[in-house]
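Below is the file entry-v8.txt, which contains compact mmCIF, C-alpha atoms.
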```
# COMPACT_ATOMS: atom_id res chain seq x y z
CA MET Y 96 105.77 193.72 171.55
CA ARG Y 97 105.89 190.22 173.07
CA SER Y 98 102.12 190.00 173.28
CA SER Y 99 101.77 191.08 169.69
CA GLY Y 100 104.26 188.39 168.68
CA ARG Y 101 102.36 185.78 170.63
CA ASN Y 102 99.12 187.02 169.13
CA SER Y 103 100.58 186.89 165.63
CA ARG Y 104 101.91 183.39 166.22
CA GLY Y 105 98.62 182.30 167.71
CA SER Y 106 96.62 183.78 164.92
CA GLY Y 107 98.95 182.23 162.37
CA SER Y 108 98.83 178.80 163.96
CA GLY Y 109 95.14 179.10 164.46
CA SER Y 110 94.50 179.90 160.84
CA GLY Y 111 96.83 177.10 159.79
CA GLY Y 112 95.04 174.66 162.09
CA ASN Y 113 91.67 175.68 160.75
CA ASN Y 114 92.94 175.18 157.22
CA TYR Y 115 94.22 171.71 158.08
CA ARG Y 116 91.01 170.62 159.79
CA GLY Y 117 88.83 171.98 156.97
CA ALA Y 118 90.84 170.24 154.26
CA GLY Y 119 90.86 166.98 156.21
CA ASN Y 120 87.10 167.05 156.75
CA ARG Y 121 86.44 167.71 153.07
CA ARG Y 122 88.82 164.94 152.06
CA ASP Y 123 86.96 162.47 154.27
CA GLU Y 124 83.64 163.60 152.87
CA GLN Y 125 84.86 163.20 149.27
CA GLN Y 126 85.97 159.56 149.56
CA PRO Y 127 84.49 157.49 146.67
CA ARG Y 128 81.27 155.82 147.63
CA ALA Y 129 80.12 152.37 146.67
CA GLY Y 130 78.58 152.24 143.23
CA ARG Y 131 78.70 154.87 140.52
CA PRO Y 132 79.72 158.33 141.93
CA ARG Y 133 77.67 161.44 141.46
CA PRO Y 134 79.06 164.08 139.10
CA GLU Y 135 80.02 166.41 141.92
CA GLU Y 136 82.16 163.65 143.55
CA ARG Y 137 84.36 162.86 140.57
CA ARG Y 138 87.08 165.47 141.34
CA TYR Y 139 88.95 166.42 144.50
CA ASP Y 140 88.98 170.10 145.50
CA VAL Y 141 92.28 170.26 147.39
CA GLY Y 142 92.76 174.05 147.10
CA GLY Y 143 89.68 175.08 149.08
CA GLY Y 144 91.30 174.84 152.52
CA SER Y 145 94.13 177.21 151.63
CA GLN Y 146 91.67 179.95 150.70
CA ALA Y 147 89.97 179.96 154.12
CA GLY Y 148 92.75 181.90 155.91
CA PRO Y 149 95.22 184.61 155.05
CA GLY Y 150 97.65 182.06 153.46
CA PRO Y 151 101.09 180.82 154.43
CA LYS Y 152 102.68 184.30 154.11
CA ALA Y 153 100.30 185.88 156.65
CA GLY Y 154 102.41 184.97 159.69
CA PRO Y 155 106.07 184.52 160.53
CA LYS Y 156 108.21 181.55 159.63
CA GLY Y 157 107.00 179.42 162.45
CA GLY Y 158 103.37 179.96 161.62
CA SER Y 159 103.81 178.97 158.02
CA GLN Y 160 105.11 175.56 159.04
CA GLY Y 161 101.68 174.64 160.30
CA GLY Y 162 100.05 175.68 157.00
CA PRO Y 163 99.27 173.65 153.92
CA LYS Y 164 102.83 172.39 153.50
CA GLY Y 165 103.20 170.95 156.97
CA GLY Y 166 100.12 168.77 157.07
CA PRO Y 167 100.19 165.19 158.31
CA LYS Y 168 101.59 162.40 156.20
CA GLY Y 169 99.05 160.99 153.76
CA GLY Y 170 97.26 164.33 153.21
CA PRO Y 171 97.45 166.53 150.15
CA LYS Y 172 101.12 167.31 149.57
CA GLY Y 173 101.21 170.44 147.52
CA GLY Y 174 98.19 172.42 148.69
CA ALA Y 175 97.65 175.39 146.43
CA ALA Y 176 101.02 174.92 144.69
CA LYS Y 177 99.43 172.47 142.19
CA SER Y 178 96.06 173.67 141.08
CA GLY Y 179 93.47 171.52 139.35
CA ALA Y 180 92.50 167.84 139.70
CA PRO Y 181 95.15 165.15 140.23
CA LYS Y 182 95.97 162.75 137.39
CA GLY Y 183 94.27 159.89 139.14
CA VAL Y 184 94.41 157.36 141.87
CA GLY Y 185 96.25 154.14 141.03
CA GLY Y 186 97.08 154.99 137.37
CA ARG Y 187 98.34 157.81 135.17
CA GLY Y 188 96.09 159.70 132.80
CA ARG Y 189 92.95 157.93 133.95
CA LYS Y 190 90.23 159.66 135.89
CA PRO Y 191 89.12 157.92 139.07
CA ASN Y 192 85.79 156.13 138.76
CA ALA Y 193 85.40 157.08 135.06
CA PRO Y 194 82.15 155.75 133.60
CA ALA Y 195 82.39 152.90 131.04
CA ARG Y 196 81.60 153.58 127.38
CA PRO Y 197 78.23 152.32 126.15
CA ARG Y 198 78.29 149.13 124.09
CA GLU Y 199 76.56 150.86 121.20
CA TYR Y 200 79.37 153.40 121.01
CA GLU Y 201 82.00 150.63 121.05
CA ALA Y 202 80.17 148.82 118.21
CA GLN Y 203 80.06 152.00 116.14
CA MET Y 204 83.79 152.52 116.60
CA GLU Y 205 84.45 148.92 115.54
CA GLU Y 206 82.35 149.37 112.38
CA ARG Y 207 84.20 152.57 111.50
CA ASN Y 208 87.56 150.85 111.87
CA ARG Y 209 86.49 147.95 109.67
CA ALA Y 210 85.03 150.30 107.05
CA ARG Y 211 88.32 152.18 107.01
CA HIS Y 212 90.28 149.03 106.09
CA ASP Y 213 87.67 147.25 103.94
CA LYS Y 214 88.01 149.53 100.98
CA PRO Y 215 86.82 148.34 97.55
CA ARG Y 216 89.50 146.80 95.38
CA VAL Y 217 90.70 149.06 92.63
CA ALA Y 218 90.06 147.56 89.18
CA LEU Y 219 93.39 147.59 87.38
CA PRO Y 220 93.75 147.44 83.60
CA LYS Y 221 94.26 143.96 82.14
CA THR Y 222 97.84 144.82 81.31
CA PHE Y 223 98.59 145.24 85.01
CA GLY Y 224 96.02 142.91 86.56
CA GLU Y 225 95.37 139.17 86.25
CA VAL Y 226 95.14 137.84 82.71
CA GLU Y 227 91.92 135.99 81.94
CA GLY Y 228 91.92 132.35 80.89
CA GLU Y 229 94.62 129.66 80.75
CA ARG Y 230 97.17 128.85 78.10
CA LEU Y 231 95.84 126.34 75.59
CA GLN Y 232 98.80 123.94 75.92
CA LYS Y 233 98.34 123.85 79.69
CA VAL Y 234 94.64 123.00 79.34
CA LEU Y 235 95.42 120.25 76.83
CA ALA Y 236 98.12 118.79 79.07
CA ARG Y 237 95.79 118.72 82.07
CA ALA Y 238 93.17 116.95 79.95
CA GLY Y 239 95.62 114.12 79.29
CA MET Y 240 96.71 114.94 75.73
CA GLY Y 241 100.38 114.70 76.64
CA SER Y 242 103.08 116.94 78.07
CA ARG Y 243 103.02 120.67 77.47
CA ARG Y 244 105.75 120.30 74.87
CA ALA Y 245 103.73 117.62 73.07
CA CYS Y 246 100.63 119.84 73.19
CA GLU Y 247 102.63 122.71 71.70
CA GLU Y 248 103.58 120.39 68.83
CA LEU Y 249 99.89 119.60 68.29
CA ILE Y 250 99.23 123.33 67.96
CA ASP Y 251 102.16 123.76 65.53
CA GLN Y 252 100.74 120.93 63.41
CA ALA Y 253 97.37 122.76 63.18
CA ARG Y 254 95.55 119.85 64.80
CA VAL Y 255 93.88 121.92 67.55
CA GLU Y 256 90.82 124.09 67.08
CA VAL Y 257 88.99 126.35 69.52
CA ASN Y 258 85.35 127.25 68.89
CA GLY Y 259 85.58 126.02 65.31
CA LYS Y 260 88.81 127.88 64.40
CA ILE Y 261 92.18 126.18 63.96
CA VAL Y 262 94.84 127.60 66.29
CA THR Y 263 98.06 128.58 64.53
CA GLU Y 264 99.97 130.41 67.28
CA GLN Y 265 101.23 129.53 70.73
CA GLY Y 266 100.08 131.20 73.95
CA LEU Y 267 96.37 131.44 73.16
CA ARG Y 268 94.34 131.74 76.36
CA VAL Y 269 91.04 129.89 76.66
CA ASP Y 270 88.30 129.30 79.20
CA PRO Y 271 87.98 125.52 79.74
CA GLU Y 272 84.43 125.90 81.07
CA LYS Y 273 83.10 127.82 78.04
CA ASP Y 274 85.31 127.26 75.00
CA GLU Y 275 84.95 124.19 72.79
CA ILE Y 276 88.36 122.61 72.23
CA LYS Y 277 88.97 119.84 69.71
CA VAL Y 278 92.02 117.83 68.68
CA ASP Y 279 91.84 116.09 65.30
CA GLY Y 280 88.13 116.88 65.19
CA LEU Y 281 87.38 115.20 68.56
CA THR Y 282 86.17 117.24 71.51
CA VAL Y 283 88.54 117.33 74.47
CA ALA Y 284 86.87 116.94 77.88
CA THR Y 285 88.63 119.84 79.58
CA GLN Y 286 85.92 120.36 82.20
CA SER Y 287 85.71 118.51 85.50
CA TYR Y 288 83.85 115.53 83.99
CA LEU Y 289 84.56 111.89 84.62
CA PHE Y 290 83.99 109.01 82.21
CA PHE Y 291 84.35 105.34 83.16
CA ALA Y 292 83.67 102.01 81.48
CA LEU Y 293 82.72 99.03 83.66
CA ASN Y 294 82.55 95.37 82.64
CA LYS Y 295 79.46 94.48 84.65
CA PRO Y 296 79.40 90.90 85.93
CA ALA Y 297 76.26 88.77 85.88
CA GLY Y 298 74.07 89.16 88.96
CA VAL Y 299 74.86 92.86 89.48
CA VAL Y 300 71.87 95.21 89.50
CA SER Y 301 72.11 98.18 87.11
CA THR Y 302 71.45 100.81 89.79
CA MET Y 303 73.75 102.97 91.90
CA GLU Y 304 71.97 101.90 95.11
CA ASP Y 305 69.81 98.90 95.91
CA PRO Y 306 67.34 98.99 98.84
CA ASP Y 307 67.39 95.17 99.05
CA GLY Y 308 71.14 95.09 99.64
CA ARG Y 309 72.03 93.36 96.36
CA GLN Y 310 75.30 94.07 94.61
CA CYS Y 311 74.91 97.11 92.35
CA LEU Y 312 76.96 99.47 90.20
CA GLY Y 313 77.51 101.85 93.09
CA ASP Y 314 79.73 99.24 94.75
CA TYR Y 315 82.32 99.71 91.99
CA VAL Y 316 82.58 103.52 92.16
CA THR Y 317 82.94 104.21 95.88
CA ASN Y 318 85.42 106.80 97.22
CA ARG Y 319 85.01 109.05 94.17
CA GLU Y 320 85.30 112.84 94.34
CA THR Y 321 81.94 113.32 92.64
CA ARG Y 322 78.71 111.37 92.22
CA LEU Y 323 78.50 109.25 89.08
CA PHE Y 324 75.47 107.75 87.36
CA HIS Y 325 75.11 104.99 84.79
CA VAL Y 326 74.29 105.45 81.11
CA GLY Y 327 71.41 103.14 80.27
CA ARG Y 328 70.86 99.73 81.83
CA LEU Y 329 71.79 96.11 81.53
CA ASP Y 330 69.70 93.20 82.69
CA THR Y 331 70.78 91.65 85.96
CA GLU Y 332 71.91 88.46 84.22
CA THR Y 333 73.48 90.30 81.25
CA GLU Y 334 77.20 91.01 81.37
CA GLY Y 335 79.29 93.53 79.51
CA ILE Y 336 80.16 97.18 79.13
CA ILE Y 337 78.22 99.93 80.84
CA LEU Y 338 79.27 103.57 81.01
CA LEU Y 339 79.42 105.74 84.14
CA THR Y 340 79.79 109.51 84.09
CA ASN Y 341 78.79 112.81 85.70
CA HIS Y 342 78.15 114.51 82.34
CA GLY Y 343 74.36 114.76 82.33
CA GLU Y 344 73.88 116.01 78.77
CA LEU Y 345 76.10 113.31 77.27
CA ALA Y 346 74.33 110.58 79.23
CA HIS Y 347 70.94 111.87 78.11
CA ARG Y 348 71.88 111.91 74.43
CA LEU Y 349 73.51 108.48 74.53
CA THR Y 350 70.24 106.91 75.70
CA HIS Y 351 67.82 109.03 73.63
CA PRO Y 352 66.27 107.21 70.60
CA ARG Y 353 66.76 110.32 68.46
CA TYR Y 354 70.54 109.82 68.28
CA GLY Y 355 70.35 106.05 67.73
CA VAL Y 356 73.60 105.02 69.39
CA LYS Y 357 74.36 101.44 68.39
CA LYS Y 358 74.93 98.67 70.95
CA THR Y 359 76.53 95.32 70.12
CA TYR Y 360 75.84 92.02 71.91
CA LEU Y 361 77.17 88.47 71.85
CA ALA Y 362 74.49 85.85 72.51
CA ALA Y 363 74.95 82.13 73.17
CA ILE Y 364 72.03 80.12 71.68
CA GLN Y 365 71.28 76.53 70.64
CA GLY Y 366 71.02 75.53 66.97
CA PRO Y 367 70.73 74.53 64.30
CA LEU Y 368 70.09 77.99 62.85
CA PRO Y 369 68.16 78.59 59.63
CA ARG Y 370 69.85 80.57 56.88
CA ASP Y 371 67.29 83.36 56.99
CA LEU Y 372 67.57 84.12 60.74
CA GLY Y 373 69.61 87.26 60.14
CA LYS Y 374 67.20 88.46 57.48
CA ARG Y 375 64.23 87.96 59.80
CA LEU Y 376 65.92 89.91 62.59
CA LYS Y 377 66.83 92.79 60.26
CA SER Y 378 63.33 92.97 58.73
CA GLY Y 379 61.78 93.13 62.21
CA ILE Y 380 60.38 90.85 64.90
CA GLU Y 381 56.94 91.67 66.26
CA LEU Y 382 56.94 91.99 70.06
CA GLU Y 383 54.32 93.00 72.59
CA ASP Y 384 55.40 96.65 72.49
CA GLY Y 385 55.93 96.89 68.73
CA TYR Y 386 58.42 95.76 66.08
CA ALA Y 387 62.11 95.46 66.91
CA ARG Y 388 64.75 95.42 64.16
CA ALA Y 389 68.41 94.50 64.30
CA ASP Y 390 71.00 96.60 62.46
CA HIS Y 391 73.47 93.76 62.05
CA PHE Y 392 73.63 89.98 62.59
CA ARG Y 393 76.37 87.40 62.10
CA VAL Y 394 77.48 84.03 63.42
CA VAL Y 395 80.76 84.33 65.31
CA GLN Y 396 81.36 80.74 66.40
CA ASN Y 397 79.70 77.35 66.00
CA THR Y 398 80.52 74.17 67.92
CA GLY Y 399 77.95 71.47 67.25
CA LYS Y 400 74.62 72.84 68.33
CA ASN Y 401 76.20 75.71 70.30
CA TYR Y 402 76.19 79.00 68.45
CA LEU Y 403 77.69 82.31 69.37
CA VAL Y 404 76.02 85.12 67.39
CA GLU Y 405 76.55 88.88 67.27
CA VAL Y 406 73.57 91.24 67.20
CA SER Y 407 73.76 95.01 66.81
CA LEU Y 408 70.84 97.41 67.22
CA HIS Y 409 70.22 101.01 68.22
CA GLU Y 410 67.13 100.44 70.34
CA GLY Y 411 67.29 100.33 74.11
CA ARG Y 412 64.08 98.70 75.21
CA LYS Y 413 64.04 96.32 78.15
CA HIS Y 414 65.31 92.79 77.38
CA ILE Y 415 65.22 93.71 73.69
CA VAL Y 416 67.81 91.14 72.44
CA ARG Y 417 66.54 88.32 74.59
CA ARG Y 418 62.95 88.90 73.50
CA MET Y 419 63.83 89.13 69.80
CA LEU Y 420 65.77 85.85 69.75
CA ALA Y 421 63.21 84.08 71.92
CA GLU Y 422 60.42 85.21 69.56
CA ALA Y 423 62.45 83.87 66.62
CA GLY Y 424 62.64 80.47 68.40
CA PHE Y 425 66.13 80.65 69.92
CA PRO Y 426 66.20 81.44 73.68
CA VAL Y 427 69.40 83.06 74.94
CA ASP Y 428 71.60 81.11 77.36
CA LYS Y 429 74.12 83.91 77.95
CA LEU Y 430 74.28 87.54 76.82
CA VAL Y 431 77.22 89.96 76.86
CA ARG Y 432 77.28 93.55 75.59
CA THR Y 433 80.60 94.03 73.83
CA ALA Y 434 80.31 97.65 72.65
CA PHE Y 435 78.41 100.83 73.45
CA GLY Y 436 78.66 103.06 70.42
CA PRO Y 437 82.37 103.47 69.57
CA ILE Y 438 83.49 102.19 73.01
CA ALA Y 439 84.45 98.51 72.84
CA LEU Y 440 84.81 96.12 75.76
CA GLY Y 441 88.00 94.59 74.39
CA ASP Y 442 89.96 92.44 76.83
CA GLN Y 443 88.67 94.22 79.93
CA LYS Y 444 88.09 91.66 82.67
CA SER Y 445 84.77 91.12 84.39
CA GLY Y 446 84.25 93.50 87.31
CA TRP Y 447 87.03 95.88 86.23
CA LEU Y 448 86.47 99.63 86.04
CA ARG Y 449 88.67 101.75 83.77
CA ARG Y 450 88.82 105.44 82.96
CA MET Y 451 88.04 106.25 79.36
CA THR Y 452 90.64 107.99 77.24
CA ASN Y 453 90.18 111.46 75.80
CA THR Y 454 89.92 109.95 72.33
CA GLU Y 455 87.07 107.69 73.43
CA VAL Y 456 85.27 110.60 75.08
CA GLY Y 457 85.68 112.67 71.93
CA MET Y 458 84.27 109.83 69.81
CA LEU Y 459 81.26 109.54 72.11
CA MET Y 460 80.59 113.28 71.93
CA ARG Y 461 80.84 113.26 68.15
CA GLU Y 462 78.38 110.37 68.09
CA VAL Y 463 75.72 112.55 69.73
CA ASP Y 464 76.71 115.91 68.16
CA LEU Y 465 78.42 117.43 71.20
```
Transcribe the structure of this file into structure tokens.
Amino acid sequence: MRSSGRNSRGSGSGSGGNNYRGAGNRRDEQQPRAGRPRPEERRYDVGGGSQAGPGPKAGPKGGSQGGPKGGPKGGPKGGAAKSGAPKGVGGRGRKPNAPARPREYEAQMEERNRARHDKPRVALPKTFGEVEGERLQKVLARAGMGSRRACEELIDQARVEVNGKIVTEQGLRVDPEKDEIKVDGLTVATQSYLFFALNKPAGVVSTMEDPDGRQCLGDYVTNRETRLFHVGRLDTETEGIILLTNHGELAHRLTHPRYGVKKTYLAAIQGPLPRDLGKRLKSGIELEDGYARADHFRVVQNTGKNYLVEVSLHEGRKHIVRRMLAEAGFPVDKLVRTAFGPIALGDQKSGWLRRMTNTEVGMLMREVDL
């Protein structure tokens, strides 16, 4: 009986020892290697050692203490009690040495997420969505026709028309870029156009830039939001009004001979003047490039032999006024342009730049059928 007990304890301890050594050897062999692990090394098989012997219940109490539960510290704790792979080493829910996702797969996931959120906007009915256009009184107020209340009074007085029809009710919505808006028959510049009048001094070149570094028109319109260009030209020694704008069609029509926009000049000449000088200028003076005719002529001031005369004509040829008076026998000492169409120079000082009013812009547009 004693020998059988010793044999049972020996066999139990021996089987437990074999289990321990086998599990330890396999654990050492399955340590992660440097680099990417092979597929068979990605999981620990901690239950293999307990299946080698008869199990912890094969021997008495003492023998079971040397089994899977009584292994050294640092080894697998549960043995066969917890089957399957552990949750991970150093983190929960993450497999040890899990391979990284390919970049192509990550890019596809990112595109799917963006496509999920970048859905096309649903087109709502106009009653629920944004209303097209702006209120007419707001457009008129922004164009400088007065406050919104004053613009509403203009509409009540039937002085405003849109696309040729007089507006009789408040709240009409318009498109400033497409609709033609007029007040008292004059077009309102509701678009983003700029119109300036400059009193050009003598010695200033009628260009926006000068390669020789001389003073030019561009020196008077610096720090502007948009690029401006001049309407027509003035001689370098001629003073007076010249228009600047970014409205290309208006500038083209103002200088085209077809529309015949009248320009008015004051010229200082030496007399005495014959009585028929005005008649000769109106009938036409023959120049090198053809006849030139004045539309109007009058004497403004006379002090001894010094005469100040006014000449109006619709032509825009180079040095046209100077050449006409010189051909008639009266060279010009000083020349000033006092009006360009309906826009008068008035008391504007030399070198001053002013913004044209909406009324002046409307008069210019009516002059050239805009």
message = As an exercise, work out the distance from atom CA of Ile337 of chain Y to atom CA of Gly298 of chain Y in Å and give it to one decimal place.
response =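 It comes out at 14.1 Å.
Between Gly259 of chain Y and the residues Y:Met204, Y:Ala297, Y:Leu281, Y:Ala238, the shortest atom-to-atom distance, using all atoms listed in the file, involves Y:Leu281.
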Could you give me, as a tab-separated table, every segment 313-372 of chain Y residue with an atom at most 7 Å from segment 406-412 of chain Y, plus its closest atom pair and distance in Å to one decimal, counting only C-alpha atoms, rows ordered by chain then number?
```
residue	atom	partner	partner_atom	distance
Y:Pro352	CA	Y:Glu410	CA	6.8
Y:Gly355	CA	Y:His409	CA	5.1
Y:Val356	CA	Y:His409	CA	5.4
Y:Lys357	CA	Y:His409	CA	4.2
Y:Lys358	CA	Y:Ser407	CA	5.6
Y:Thr359	CA	Y:Ser407	CA	4.3
Y:Tyr360	CA	Y:Val406	CA	5.3
Y:Leu361	CA	Y:Val406	CA	6.5
```
The selected residues should be written to file as a compact mmCIF listing (two decimals), in the coordinates of the input (atoms: C-alpha atoms).
```txt
# COMPACT_ATOMS: atom_id res chain seq x y z
CA PRO Y 352 66.27 107.21 70.60
CA GLY Y 355 70.35 106.05 67.73
CA VAL Y 356 73.60 105.02 69.39
CA LYS Y 357 74.36 101.44 68.39
CA LYS Y 358 74.93 98.67 70.95
CA THR Y 359 76.53 95.32 70.12
CA TYR Y 360 75.84 92.02 71.91
CA LEU Y 361 77.17 88.47 71.85
```
ask   = If you count all atoms listed in the file, which residues fall within 12 Å of Arg418 of chain Y, apart from same-chain ones fewer than 3 positions away, as a PyMOL selection string?
value = chain Y and resi 362+376+380-388+412-415+421-427+430
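In this structure, atom CA of Thr340 of chain Y sits 10.0 Å away from atom CA of Arg450 of chain Y.
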ask   = When you draw a straight line from atom CA of Leu312 of chain Y to atom CA of Val416 of chain Y, how long is it in Å?
value =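 Distance reported for this atom pair: 21.6 Å.
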task = Find the residue from Y:Val278, Y:Val431, Y:Leu420, Y:Leu403 that sits nearest to Thr333 of chain Y; use all atoms listed in the file when measuring.
result =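 Using all atoms listed in the file, Thr333 of chain Y sits closest to Y:Val431.
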request  = Just the residues within 8 Å of segment 234-237 of chain Y, please, counting all atoms listed in the file, with nothing from its chain fewer than 6 positions along; format it as a list of chain:residue names.
outcome  =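 Within the cut-off, the hits are Y:Arg243, Y:Cys246, Y:Pro271, Y:Val283, Y:Thr285.
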task = List every protein, DNA or RNA residue that has at least one atom no more than 12 Å from (68.9, 91.0, 90.1) in the file's coordinates, counting all atoms listed in the file, and write the result as number ranges by chain.
result = Y: 296-302, 305-312, 329-333
ask   = Looking at Y:Met460, Y:Val395, Y:Leu267, Y:Val262, which one is nearest to Ala363 of chain Y, with distances taken over all atoms listed in the file?
value =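 Of Y:Met460, Y:Val395, Y:Leu267, Y:Val262, the one nearest Ala363 of chain Y is Y:Val395, counting all atoms listed in the file.
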query = Hey, can you pull every residue with an atom no more than 10 Å from (96.5, 112.8, 65.9), using all atoms listed in the file, and send it as a list in words?
reply =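 Output: Leu249, Gln252, Arg254, Val255, Val278, Asp279, Gly280, Leu281 and Thr454 of chain Y.
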